[in-house]
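The next block is final-v5.cif, given as mmCIF, C-alpha atoms.
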data_input
loop_
_atom_site.label_atom_id
_atom_site.label_comp_id
_atom_site.auth_asym_id
_atom_site.auth_seq_id
_atom_site.Cartn_x
_atom_site.Cartn_y
_atom_site.Cartn_z
CA MET A 124 -8.04 24.10 -7.06
CA CYS A 125 -7.99 24.90 -3.36
CA PHE A 126 -8.00 21.95 -0.98
CA THR A 127 -8.60 22.34 2.74
CA ALA A 128 -8.00 19.53 5.22
CA LEU A 129 -7.86 19.00 8.95
CA PHE A 130 -5.10 16.74 10.16
CA GLY A 131 -3.49 15.40 13.29
CA PHE A 132 -1.51 12.20 13.61
CA PRO A 133 -1.10 10.06 10.47
CA PHE A 134 -2.33 6.73 9.14
CA CYS A 135 -1.15 4.07 6.72
CA PHE A 136 1.09 5.15 3.89
CA LEU A 137 -1.01 6.84 1.26
CA SER A 138 0.25 9.76 -0.76
CA LEU A 139 -1.67 12.40 -2.65
CA LEU A 140 0.39 14.12 -5.31
CA SER A 141 -0.57 17.59 -6.42
CA LEU A 142 1.02 20.93 -7.36
CA PHE A 143 1.70 24.39 -5.86
CA PRO A 144 0.50 23.78 -2.27
CA PHE A 145 0.96 25.80 0.88
CA VAL A 146 -0.03 25.29 4.51
CA SER A 147 -1.20 27.90 7.00
CA PHE A 148 -2.81 28.28 10.40
CA PRO A 149 -6.48 29.30 10.06
CA VAL A 150 -6.24 31.81 12.91
CA GLY A 151 -4.13 34.86 12.10
CA GLY A 152 -3.27 33.62 8.63
CA GLU A 153 0.28 32.57 9.56
CA GLN A 154 1.87 30.61 6.73
CA ILE A 155 3.69 27.52 7.98
CA SER A 156 5.22 26.25 4.76
CA ALA A 157 4.95 26.59 0.99
CA ILE A 158 6.50 25.23 -2.20
CA GLY A 159 6.45 26.12 -5.87
CA ARG A 160 6.01 23.45 -8.53
CA GLY A 161 6.25 19.95 -7.14
CA ILE A 162 4.17 17.43 -5.23
CA CYS A 163 2.11 17.57 -2.07
CA VAL A 164 2.27 14.36 -0.08
CA LEU A 165 -0.58 13.69 2.36
CA LEU A 166 1.01 10.99 4.46
CA GLY A 167 -0.69 8.51 6.74
CA ILE A 168 0.78 5.81 8.99
CA SER A 169 -1.01 2.73 10.24
CA LEU A 170 -0.33 0.59 13.28
CA GLU A 171 1.32 -2.05 11.09
CA ASP A 172 3.79 0.21 9.29
CA THR A 173 7.51 -0.39 9.82
CA GLN A 174 10.82 0.95 8.53
CA LYS A 175 10.36 -1.26 5.47
CA GLU A 176 7.14 0.50 4.48
CA LEU A 177 8.73 3.89 5.15
CA GLU A 178 11.64 3.19 2.81
CA HIS A 179 9.29 1.85 0.14
CA MET A 180 7.22 5.02 0.15
CA VAL A 181 10.24 7.31 0.01
CA ARG A 182 11.47 5.51 -3.12
CA LYS A 183 8.04 5.60 -4.75
CA ILE A 184 7.36 9.26 -4.05
CA LEU A 185 10.72 10.41 -5.40
CA ASN A 186 10.70 8.17 -8.48
CA LEU A 187 7.07 8.28 -9.56
CA ARG A 188 6.89 9.68 -13.09
CA VAL A 189 4.08 12.22 -13.01
CA PHE A 190 5.66 15.16 -14.86
CA GLU A 191 6.26 15.84 -18.55
CA ASP A 192 9.70 15.93 -20.14
CA GLU A 193 11.31 18.71 -22.17
CA SER A 194 9.46 17.67 -25.32
CA GLY A 195 6.08 17.79 -23.55
CA LYS A 196 5.67 14.01 -23.22
CA HIS A 197 3.49 13.24 -20.20
CA TRP A 198 4.29 10.76 -17.41
CA SER A 199 8.00 10.86 -18.17
CA LYS A 200 9.80 12.61 -15.31
CA SER A 201 9.90 12.29 -11.53
CA VAL A 202 10.12 15.08 -8.99
CA MET A 203 13.84 14.32 -8.69
CA ASP A 204 14.33 14.45 -12.44
CA LYS A 205 12.77 17.90 -12.52
CA GLN A 206 14.38 19.06 -9.26
CA TYR A 207 10.97 20.17 -7.99
CA GLU A 208 9.91 20.57 -4.37
CA VAL A 209 8.02 18.21 -2.04
CA LEU A 210 5.61 19.32 0.69
CA CYS A 211 4.69 16.62 3.24
CA ILE A 212 1.69 16.81 5.53
CA SER A 213 0.63 14.19 8.09
CA GLN A 214 -2.93 13.05 7.36
CA PHE A 215 -4.53 10.60 9.79
CA THR A 216 -7.91 10.33 8.04
CA LEU A 217 -6.51 8.48 5.02
CA GLN A 218 -7.15 5.07 6.58
CA CYS A 219 -10.43 5.62 8.34
CA VAL A 220 -13.00 2.85 8.38
CA LEU A 221 -16.62 3.95 8.18
CA LYS A 222 -19.02 2.59 10.77
CA GLY A 223 -22.28 3.69 9.29
CA ASN A 224 -21.68 7.38 8.66
CA LYS A 225 -19.03 7.83 11.36
CA PRO A 226 -15.30 7.57 10.61
CA ASP A 227 -13.54 5.00 12.81
CA LEU A 228 -9.86 5.86 13.30
CA HIS A 229 -8.71 2.88 15.38
CA LEU A 230 -6.21 1.75 12.72
CA ALA A 231 -4.14 4.89 13.17
CA MET A 232 -0.79 4.69 14.87
CA PRO A 233 -1.08 6.64 18.17
CA SER A 234 0.20 10.19 17.86
CA GLU A 235 3.09 9.74 20.31
CA GLN A 236 4.47 6.92 18.11
CA ALA A 237 3.39 8.40 14.78
CA GLU A 238 5.24 11.66 15.30
CA GLY A 239 8.58 9.89 15.54
CA PHE A 240 7.70 7.77 12.53
CA TYR A 241 6.69 10.83 10.53
CA ASN A 242 9.92 12.62 11.43
CA GLY A 243 11.83 9.52 10.36
CA PHE A 244 10.03 9.64 7.03
CA LEU A 245 11.06 13.28 6.51
CA GLU A 246 14.64 12.44 7.42
CA GLN A 247 14.77 9.58 4.90
CA LEU A 248 13.19 11.75 2.22
CA ARG A 249 15.76 14.50 2.75
CA LYS A 250 18.63 12.02 2.73
CA ALA A 251 17.45 10.52 -0.55
CA TYR A 252 16.82 13.93 -2.15
CA ARG A 253 17.91 17.54 -1.58
CA PRO A 254 17.02 18.59 2.01
CA GLU A 255 16.23 22.19 1.02
CA LEU A 256 13.57 20.98 -1.43
CA VAL A 257 11.61 18.94 1.17
CA LYS A 258 9.16 20.98 3.28
CA ASP A 259 6.56 19.96 5.86
CA GLY A 260 3.73 21.32 7.96
CA LYS A 261 3.40 21.22 11.74
CA PHE A 262 2.66 17.78 13.15
CA GLY A 263 -0.57 17.49 15.14
CA ALA A 264 -1.67 21.09 14.59
CA TYR A 265 -5.01 22.32 13.31
CA MET A 266 -4.07 23.65 9.89
CA GLN A 267 -5.48 24.55 6.51
CA VAL A 268 -3.89 23.00 3.46
CA HIS A 269 -4.27 24.81 0.16
CA ILE A 270 -3.43 22.87 -2.99
CA GLN A 271 -3.50 24.18 -6.52
CA ASN A 272 -3.90 20.83 -8.22
CA ASP A 273 -2.48 20.99 -11.75
CA GLY A 274 -4.31 18.75 -14.19
CA PRO A 275 -5.81 17.87 -11.77
CA VAL A 276 -3.51 14.93 -11.05
CA THR A 277 -3.99 12.93 -7.85
CA ILE A 278 -2.19 9.61 -7.32
CA GLU A 279 -2.80 7.18 -4.45
CA LEU A 280 0.16 5.13 -3.25
CA GLU A 281 -0.01 2.33 -0.71
CA SER A 282 2.80 0.30 0.74
CA PRO A 283 2.79 -3.49 0.15
CA ALA A 284 0.75 -5.60 2.52
CA PRO A 285 2.78 -7.13 5.37
CA GLY A 286 4.56 -10.23 4.11
CA ALA A 287 4.22 -9.34 0.44
CA ALA A 288 7.37 -10.17 -1.51
CA THR A 289 6.99 -7.34 -3.97
CA SER A 290 4.92 -4.24 -4.73
CA ASP A 291 4.83 -4.87 -8.49
CA PRO A 292 1.15 -5.43 -9.45
CA LYS A 293 1.97 -8.05 -12.13
CA GLN A 294 4.21 -10.00 -9.79
CA LEU A 295 1.67 -9.81 -6.97
CA SER A 296 -1.04 -11.07 -9.34
CA LYS A 297 1.23 -13.95 -10.37
CA LEU A 298 1.89 -14.85 -6.74
CA GLU A 299 -1.84 -14.72 -5.97
CA LYS A 300 -2.59 -17.11 -8.86
CA GLN A 301 0.13 -19.49 -7.71
CA GLN A 302 -1.31 -19.44 -4.21
CA GLN A 303 -4.80 -20.14 -5.58
CA ARG A 304 -3.49 -23.12 -7.55
CA LYS A 305 -1.77 -24.47 -4.44
CA GLU A 306 -4.98 -24.12 -2.45
CA LYS A 307 -6.95 -25.94 -5.18
CA THR A 308 -4.36 -28.72 -5.24
CA ARG A 309 -4.55 -29.08 -1.46
CA ALA A 310 -8.34 -29.13 -1.67
CA LYS A 311 -8.28 -31.89 -4.31
CA GLY A 312 -5.62 -33.91 -2.51
CA PRO A 313 -7.76 -35.56 0.20
CA SER A 314 -10.59 -36.53 -2.18
CA GLU A 315 -8.18 -38.15 -4.64
CA SER A 316 -6.30 -40.02 -1.95
CA SER A 317 -9.58 -41.19 -0.41
CA LYS A 318 -10.57 -42.57 -3.82
CA GLU A 319 -7.26 -44.38 -4.03
CA ARG A 320 -7.72 -45.75 -0.52
CA SER A 321 -11.22 -46.90 -1.32
CA ALA A 322 -10.14 -48.62 -4.55
CA PRO A 323 -8.18 -51.46 -2.86
CA ARG A 324 -11.13 -52.17 -0.58
CA LYS A 325 -13.31 -52.77 -3.63
CA GLU A 326 -10.66 -55.08 -5.08
CA ASP A 327 -10.45 -56.94 -1.75
CA ARG A 328 -14.18 -57.49 -1.75
CA SER A 329 -14.16 -58.87 -5.27
CA ALA A 330 -11.15 -61.06 -4.47
CA SER A 331 -12.90 -62.35 -1.39
CA SER A 332 -16.06 -63.24 -3.26
CA GLY A 333 -13.96 -64.94 -5.92
CA ALA A 334 -12.16 -67.00 -3.32
CA GLU A 335 -15.42 -68.03 -1.75
CA GLY A 336 -16.66 -69.13 -5.14
CA ASP A 337 -13.56 -71.28 -5.61
CA VAL A 338 -14.00 -72.84 -2.19
CA SER A 339 -17.64 -73.67 -2.87
CA SER A 340 -16.72 -75.19 -6.21
CA GLU A 341 -14.09 -77.34 -4.53
CA ARG A 342 -16.75 -78.70 -2.15
CA GLU A 343 -18.89 -79.85 -5.02
CA PRO A 344 -18.65 -83.57 -5.60
#
How would this structure read if it were set down as structure tokens?
Amino acid sequence: MCFTALFGFPFCFLSLLSLFPFVSFPVGGEQISAIGRGICVLLGISLEDTQKELEHMVRKILNLRVFEDESGKHWSKSVMDKQYEVLCISQFTLQCVLKGNKPDLHLAMPSEQAEGFYNGFLEQLRKAYRPELVKDGKFGAYMQVHIQNDGPVTIELESPAPGAATSDPKQLSKLEKQQQRKEKTRAKGPSESSKERSAPRKEDRSASSGAEGDVSSEREP
């Protein structure tokens, strides 16, 4: 499958994993970069992304089990296990917000900041893996990306939301349920306490009427 994309500065961390891609300039047919079997990462960076998100995505990309093992078992090996290549391309449209039919790109990190962030991502990726197996395109250039998607297999990765303690879906679900229970408890709290506060007033009224009855009975001859 051939995939063509325009790209400039990147957005939030989302990665598209595919196989046998290469990147070229549309004019003159100059090839910028190419890899054999491996993964193609379309990377986006948002305004909120930090070093923490960068490190998270590097770990995920290198350890995600999307390849088969020697016996042919699927979803068993990572790109590092197989010693395959990685081609990274900055892709700012990954986090667009549609306003009607028009893409709104205001969540993108500005290009002057994003370029440094993107280069930092490549540096971390090469440190964690084999530098010669990590390739990239040309940041901010008008390019054509060609992907021969094997399978086809396309995986979307997103870094944890700011403040999230973990990226594990089960753990996040557990934390969400705990938070919901806390909110329900807080919501019930005032109504229960108000009932408790109102209870003594009822008792006071009954005690008062009882006392008045005793007084009136004492006045009887």
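Applied to the file shown here, the PyMOL selection byres ((chain A and resi 282) around 6) selects Glu176, Glu281 and Pro283 of chain A.
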Using 5 Å of padding on each side, determine the axis-aligned box around all atoms of range 241-245 of chain A present in the file and give its centre and edge lengths in Å to one decimal, as AutoDock Vina command-line options.
--center_x 9.3 --center_y 11.4 --center_z 9.0 --size_x 15.1 --size_y 13.8 --size_z 14.9
Go through A:Ile168, A:Ile155, A:Leu245, A:Leu210 and flag the residue nearest Pro233 in chain A, using all atoms listed in the file for the distances.
A:Ile168
Quick one: distance from CA of Glu255 in chain A to CA of Met232 in chain A in Å, one decimal?
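Pair CA of Glu255 in chain A / CA of Met232 in chain A returns 28.1 Å.
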When the PyMOL selection byres ((chain A and resi 257) around 9) is applied to the structure above, which residues does it catch, written out as a list of chain:residue names?
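When the PyMOL selection byres ((chain A and resi 257) around 9) is applied, the selected residues are A:Ile158, A:Glu208, A:Val209, A:Leu210, A:Cys211, A:Leu245, A:Leu248, A:Arg249, A:Tyr252, A:Arg253, A:Pro254, A:Glu255, A:Leu256, A:Lys258, A:Asp259.
Between CA of Val189 in chain A and CA of Ile278 in chain A there is a distance of 8.9 Å.
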Using only C-alpha atoms: which of A:Leu217, A:Met203, A:Ile212, A:Leu166 has the shortest distance to Val268 in chain A
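Closest to Val268 in chain A, using only C-alpha atoms: A:Ile212.
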Would you mind reading off the distance between CA of Gln206 in chain A and CA of Gly159 in chain A, one decimal, in Å?
11.1 Å
With all atoms listed in the file as the atoms that count, which of A:Ala251, A:Met266, A:Gln271, A:Gly239 lies nearest to Gln154 in chain A?
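Counting all atoms listed in the file, the residue closest to Gln154 in chain A is A:Met266.
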Would you mind listing what lies within 8 Å of Phe190 in chain A as a list in words, with only C-alpha atoms counted and same-chain residues fewer than 4 positions away left out?
His197, Trp198, Ser199, Lys200, Ser201, Val202 and Lys205 of chain A
Please enumerate the residues selected by the PyMOL selection byres ((chain A and resi 230) around 9) when evaluated against the supplied file, formatted as an mmCIF file with C-alpha atoms, in the frame of the given file.
data_model
loop_
_atom_site.group_PDB
_atom_site.id
_atom_site.type_symbol
_atom_site.label_atom_id
_atom_site.label_comp_id
_atom_site.auth_asym_id
_atom_site.auth_seq_id
_atom_site.Cartn_x
_atom_site.Cartn_y
_atom_site.Cartn_z
ATOM 1 C CA PHE A 134 -2.330 6.730 9.140
ATOM 2 C CA CYS A 135 -1.150 4.070 6.720
ATOM 3 C CA ILE A 168 0.780 5.810 8.990
ATOM 4 C CA SER A 169 -1.010 2.730 10.240
ATOM 5 C CA LEU A 170 -0.330 0.590 13.280
ATOM 6 C CA GLU A 171 1.320 -2.050 11.090
ATOM 7 C CA GLN A 218 -7.150 5.070 6.580
ATOM 8 C CA CYS A 219 -10.430 5.620 8.340
ATOM 9 C CA VAL A 220 -13.000 2.850 8.380
ATOM 10 C CA ASP A 227 -13.540 5.000 12.810
ATOM 11 C CA LEU A 228 -9.860 5.860 13.300
ATOM 12 C CA HIS A 229 -8.710 2.880 15.380
ATOM 13 C CA ALA A 231 -4.140 4.890 13.170
ATOM 14 C CA MET A 232 -0.790 4.690 14.870
ATOM 15 C CA PRO A 233 -1.080 6.640 18.170
#
